[in-house]
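Asker: Here's a structure for you.
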Amino acid sequence: MKTLPSNSVSAPETGRLERWLHAIYFRGAGIQHFLGRRLRPAGVGLGLVFVLASCLGIGHNKAPVYQLFSLSLGMIVIGIPWAMSRRANVEAKRELPRFGTAGEPLRYTVKVSNRGRRKLTRAWISDTSPDPRPSIEDFTLLREPGEEERNAYDRRFAYFRWQWLMMGNRLFSGGISTDDLDLKQGQEARVSVEMTPLRRGVIRFDDLRLLLPDPFGLFQRCRKVSAPACTLTVLPRRFPLPPIELPGGAAFKISGEANTNAIGNSGEFVGLRDYRPGDPLRQIHWKSWARTGRPIVKELEDTFYPRYGLIVDTLSCDRTDHQFEEAISVAASFAASLDTSESLLDLMFIKNEAHMVTAGRGIERAEKLLEVLAGVSPERTENFTALAQLVLRHRDDLTSCLVIFNGWDDVRAAFLHTLTRGGVVCAPVIIGKGPAPGDVPGHWLESGQIARDLQKLPNKLIALN
């Protein structure tokens, strides 16, 4: 029978330890959050001065030490009751923009109304991010990048893993108004709030607080404000791209009747002809009708627009999903940079099943694709067969496809081979760790250096067909 080494821990013991650590960290983070919203930085400094003066005063008969102790104690005794006794009755309404972008500061206004009987002075508005504490499942299953390189103590007690999960779950930073509120009874005002979204997705705002400090600025009361909940869609982070030309752009082999019906008749003027039943009235040439006495219409040359596919690999087997988020950002960068005023762009991906969203001339703006990408979640099971079937069903309409791969392996190579064998022109962009292997097709982007490698892309991407 195989025995465990003396320094190893069995699975049940490890599970009990992690549950115990999660309970301690969970409660500790809650207490820290509670105190952090009520203790101002000056209050923390005063508390340290009070503790230091208390320690120095033991066994020493020095007047300056006792004076410092008395001063700090007096400010604490006055500041805490003063802050806790402050009252306010306000109503508020957020005025949020439609979209934000991950990593970019965002400003919005909050309309505040004083419904109380007293004048409201020296107060601030604060929006609180949803609870970032991880669940027991995430704490048990996920691992901090590089955790295996830490010492045995850090690996066992997993404090840095907890901090990493807390930081990863935070949806935004900031959210506190900079201007003081000074409202008389019944008065309204608008205050500006700045925050920075940290992750793509949808942020729900439902915890607006009014901060009421004491005269010394040491402590503050944190009262919940009556305000309707609202949401903000945070678009993926985007990287700057050099001028990019997708393969097949000069062929103009798609659009056809379906797209012409969607966007209306357009094109170069080639001449005049007699009216035929079914011609649109806006093409009538009124001057020629007045001169000849019979209806004359303008004849236009048919215009065709290229139609591109943007295929995103959503399969992620990495516990951190860092590389998956980079793939979404790269896809968002191309979706925002490609000119959809004279083309169509089909976003194709797997989210439980194969999906396709189209934007471009006469259909949707590119922001629609970014909004869809903001809500895409990683897939844990491979389903490239369904994605390949979706692409091949539309191959006759597609000029070419830009394929964003999250890593490279035999399954992804087989998927790309299926597309090219089916007659789809593909330009693969692969995100992976470290330098590019020698047999990888298309363009390689090193994880962690995406912005640098995107700038190195050629103006015309490599096409496989």
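Here, A, B, ... name the chains of the structure tokens in the order displayed, residue numbers run from 1 inside each chain, and ligands are numbered from 1 in the same displayed order.
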Per DSSP on the backbone, what are the alpha helix (DSSP H) residues of stretch 60-267 of chain A, as an MDAnalysis selection string?

Answerer: chainID A and resid 63:85 136:141 152:157 159:169 256:263

Asker: Please return as a ChimeraX atom specification: the residues of stretch 6-121 of chain A that backbone DSSP assigns to strand (DSSP E).

Answerer: /A:90-95,99-101,106-114

Asker: Residues of the last selection are to be written out with N, CA, C and O atoms, as a PDB file, in the first residue's frame.

Answerer:
```pdb
ATOM      1  N   VAL A  90     -31.932  61.898   1.554  1.00  0.00           N
ATOM      2  CA  VAL A  90     -31.749  62.333   0.169  1.00  0.00           C
ATOM      3  C   VAL A  90     -32.252  61.243  -0.781  1.00  0.00           C
ATOM      4  O   VAL A  90     -32.322  60.063  -0.422  1.00  0.00           O
ATOM      5  N   GLU A  91     -32.607  61.675  -1.967  1.00  0.00           N
ATOM      6  CA  GLU A  91     -32.924  60.779  -3.072  1.00  0.00           C
ATOM      7  C   GLU A  91     -31.983  61.091  -4.227  1.00  0.00           C
ATOM      8  O   GLU A  91     -31.552  62.236  -4.397  1.00  0.00           O
ATOM      9  N   ALA A  92     -31.666  60.082  -5.014  1.00  0.00           N
ATOM     10  CA  ALA A  92     -30.691  60.268  -6.090  1.00  0.00           C
ATOM     11  C   ALA A  92     -31.094  59.457  -7.308  1.00  0.00           C
ATOM     12  O   ALA A  92     -31.860  58.488  -7.220  1.00  0.00           O
ATOM     13  N   LYS A  93     -30.554  59.864  -8.430  1.00  0.00           N
ATOM     14  CA  LYS A  93     -30.769  59.152  -9.686  1.00  0.00           C
ATOM     15  C   LYS A  93     -29.494  59.256 -10.509  1.00  0.00           C
ATOM     16  O   LYS A  93     -28.995  60.351 -10.768  1.00  0.00           O
ATOM     17  N   ARG A  94     -28.976  58.111 -10.923  1.00  0.00           N
ATOM     18  CA  ARG A  94     -27.762  58.086 -11.737  1.00  0.00           C
ATOM     19  C   ARG A  94     -28.095  58.395 -13.196  1.00  0.00           C
ATOM     20  O   ARG A  94     -29.129  57.976 -13.704  1.00  0.00           O
ATOM     21  N   GLU A  95     -27.202  59.090 -13.858  1.00  0.00           N
ATOM     22  CA  GLU A  95     -27.318  59.369 -15.292  1.00  0.00           C
ATOM     23  C   GLU A  95     -26.097  58.764 -15.965  1.00  0.00           C
ATOM     24  O   GLU A  95     -25.074  59.419 -16.159  1.00  0.00           O
ATOM     25  N   PHE A  99     -22.468  52.957 -22.712  1.00  0.00           N
ATOM     26  CA  PHE A  99     -21.350  52.026 -22.716  1.00  0.00           C
ATOM     27  C   PHE A  99     -20.173  52.615 -21.961  1.00  0.00           C
ATOM     28  O   PHE A  99     -20.022  53.835 -21.839  1.00  0.00           O
ATOM     29  N   GLY A 100     -19.330  51.725 -21.458  1.00  0.00           N
ATOM     30  CA  GLY A 100     -18.012  52.057 -20.951  1.00  0.00           C
ATOM     31  C   GLY A 100     -17.016  51.086 -21.556  1.00  0.00           C
ATOM     32  O   GLY A 100     -17.398  50.118 -22.201  1.00  0.00           O
ATOM     33  N   THR A 101     -15.739  51.330 -21.331  1.00  0.00           N
ATOM     34  CA  THR A 101     -14.689  50.456 -21.854  1.00  0.00           C
ATOM     35  C   THR A 101     -13.784  50.031 -20.711  1.00  0.00           C
ATOM     36  O   THR A 101     -13.387  50.862 -19.890  1.00  0.00           O
ATOM     37  N   LEU A 106     -14.266  56.626 -16.630  1.00  0.00           N
ATOM     38  CA  LEU A 106     -15.623  56.965 -17.073  1.00  0.00           C
ATOM     39  C   LEU A 106     -16.224  57.947 -16.085  1.00  0.00           C
ATOM     40  O   LEU A 106     -16.117  57.762 -14.862  1.00  0.00           O
ATOM     41  N   ARG A 107     -16.836  58.992 -16.602  1.00  0.00           N
ATOM     42  CA  ARG A 107     -17.517  59.975 -15.750  1.00  0.00           C
ATOM     43  C   ARG A 107     -19.027  59.900 -15.971  1.00  0.00           C
ATOM     44  O   ARG A 107     -19.481  59.756 -17.105  1.00  0.00           O
ATOM     45  N   TYR A 108     -19.766  59.989 -14.902  1.00  0.00           N
ATOM     46  CA  TYR A 108     -21.220  60.083 -14.986  1.00  0.00           C
ATOM     47  C   TYR A 108     -21.709  60.993 -13.871  1.00  0.00           C
ATOM     48  O   TYR A 108     -20.949  61.343 -12.952  1.00  0.00           O
ATOM     49  N   THR A 109     -22.941  61.423 -13.981  1.00  0.00           N
ATOM     50  CA  THR A 109     -23.496  62.362 -13.013  1.00  0.00           C
ATOM     51  C   THR A 109     -24.587  61.675 -12.189  1.00  0.00           C
ATOM     52  O   THR A 109     -25.237  60.735 -12.651  1.00  0.00           O
ATOM     53  N   VAL A 110     -24.746  62.176 -10.981  1.00  0.00           N
ATOM     54  CA  VAL A 110     -25.790  61.710 -10.079  1.00  0.00           C
ATOM     55  C   VAL A 110     -26.612  62.924  -9.654  1.00  0.00           C
ATOM     56  O   VAL A 110     -26.068  63.907  -9.138  1.00  0.00           O
ATOM     57  N   LYS A 111     -27.906  62.856  -9.894  1.00  0.00           N
ATOM     58  CA  LYS A 111     -28.819  63.924  -9.491  1.00  0.00           C
ATOM     59  C   LYS A 111     -29.285  63.651  -8.068  1.00  0.00           C
ATOM     60  O   LYS A 111     -29.906  62.627  -7.793  1.00  0.00           O
ATOM     61  N   VAL A 112     -28.971  64.567  -7.142  1.00  0.00           N
ATOM     62  CA  VAL A 112     -29.239  64.381  -5.720  1.00  0.00           C
ATOM     63  C   VAL A 112     -30.261  65.424  -5.269  1.00  0.00           C
ATOM     64  O   VAL A 112     -30.146  66.608  -5.596  1.00  0.00           O
ATOM     65  N   SER A 113     -31.274  64.966  -4.511  1.00  0.00           N
ATOM     66  CA  SER A 113     -32.315  65.850  -3.975  1.00  0.00           C
ATOM     67  C   SER A 113     -32.330  65.712  -2.457  1.00  0.00           C
ATOM     68  O   SER A 113     -32.358  64.598  -1.920  1.00  0.00           O
ATOM     69  N   ASN A 114     -32.308  66.845  -1.772  1.00  0.00           N
ATOM     70  CA  ASN A 114     -32.358  66.864  -0.307  1.00  0.00           C
ATOM     71  C   ASN A 114     -33.812  66.866   0.146  1.00  0.00           C
ATOM     72  O   ASN A 114     -34.517  67.869   0.001  1.00  0.00           O
TER      73      ASN A 114
END
```

Asker: Give me, as a list in words, all polymer residues having an atom no more than 9 Å from A:Thr140, counting only C-alpha atoms and skipping those fewer than 4 positions away in the same chain.

Answerer: Gly15, Glu18, Arg19, His22, Ser135 and Ile136 of chain A

Asker: Could you pull the residues within 10 Å of stretch 334-344 of chain A, counting only C-alpha atoms, minus those fewer than 2 positions along the same chain, as number ranges by chain?

Answerer: A: 238-246, 249, 252, 254-255, 259, 304-310, 329-332, 346-347, 358-370, 373, 398-399, 402, 404

Asker: Atom CA of A:Phe157 and atom CA of A:Gln32 are how many Å apart?

Answerer: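 Result for atom CA of A:Phe157 versus atom CA of A:Gln32: 19.0 Å, one decimal.
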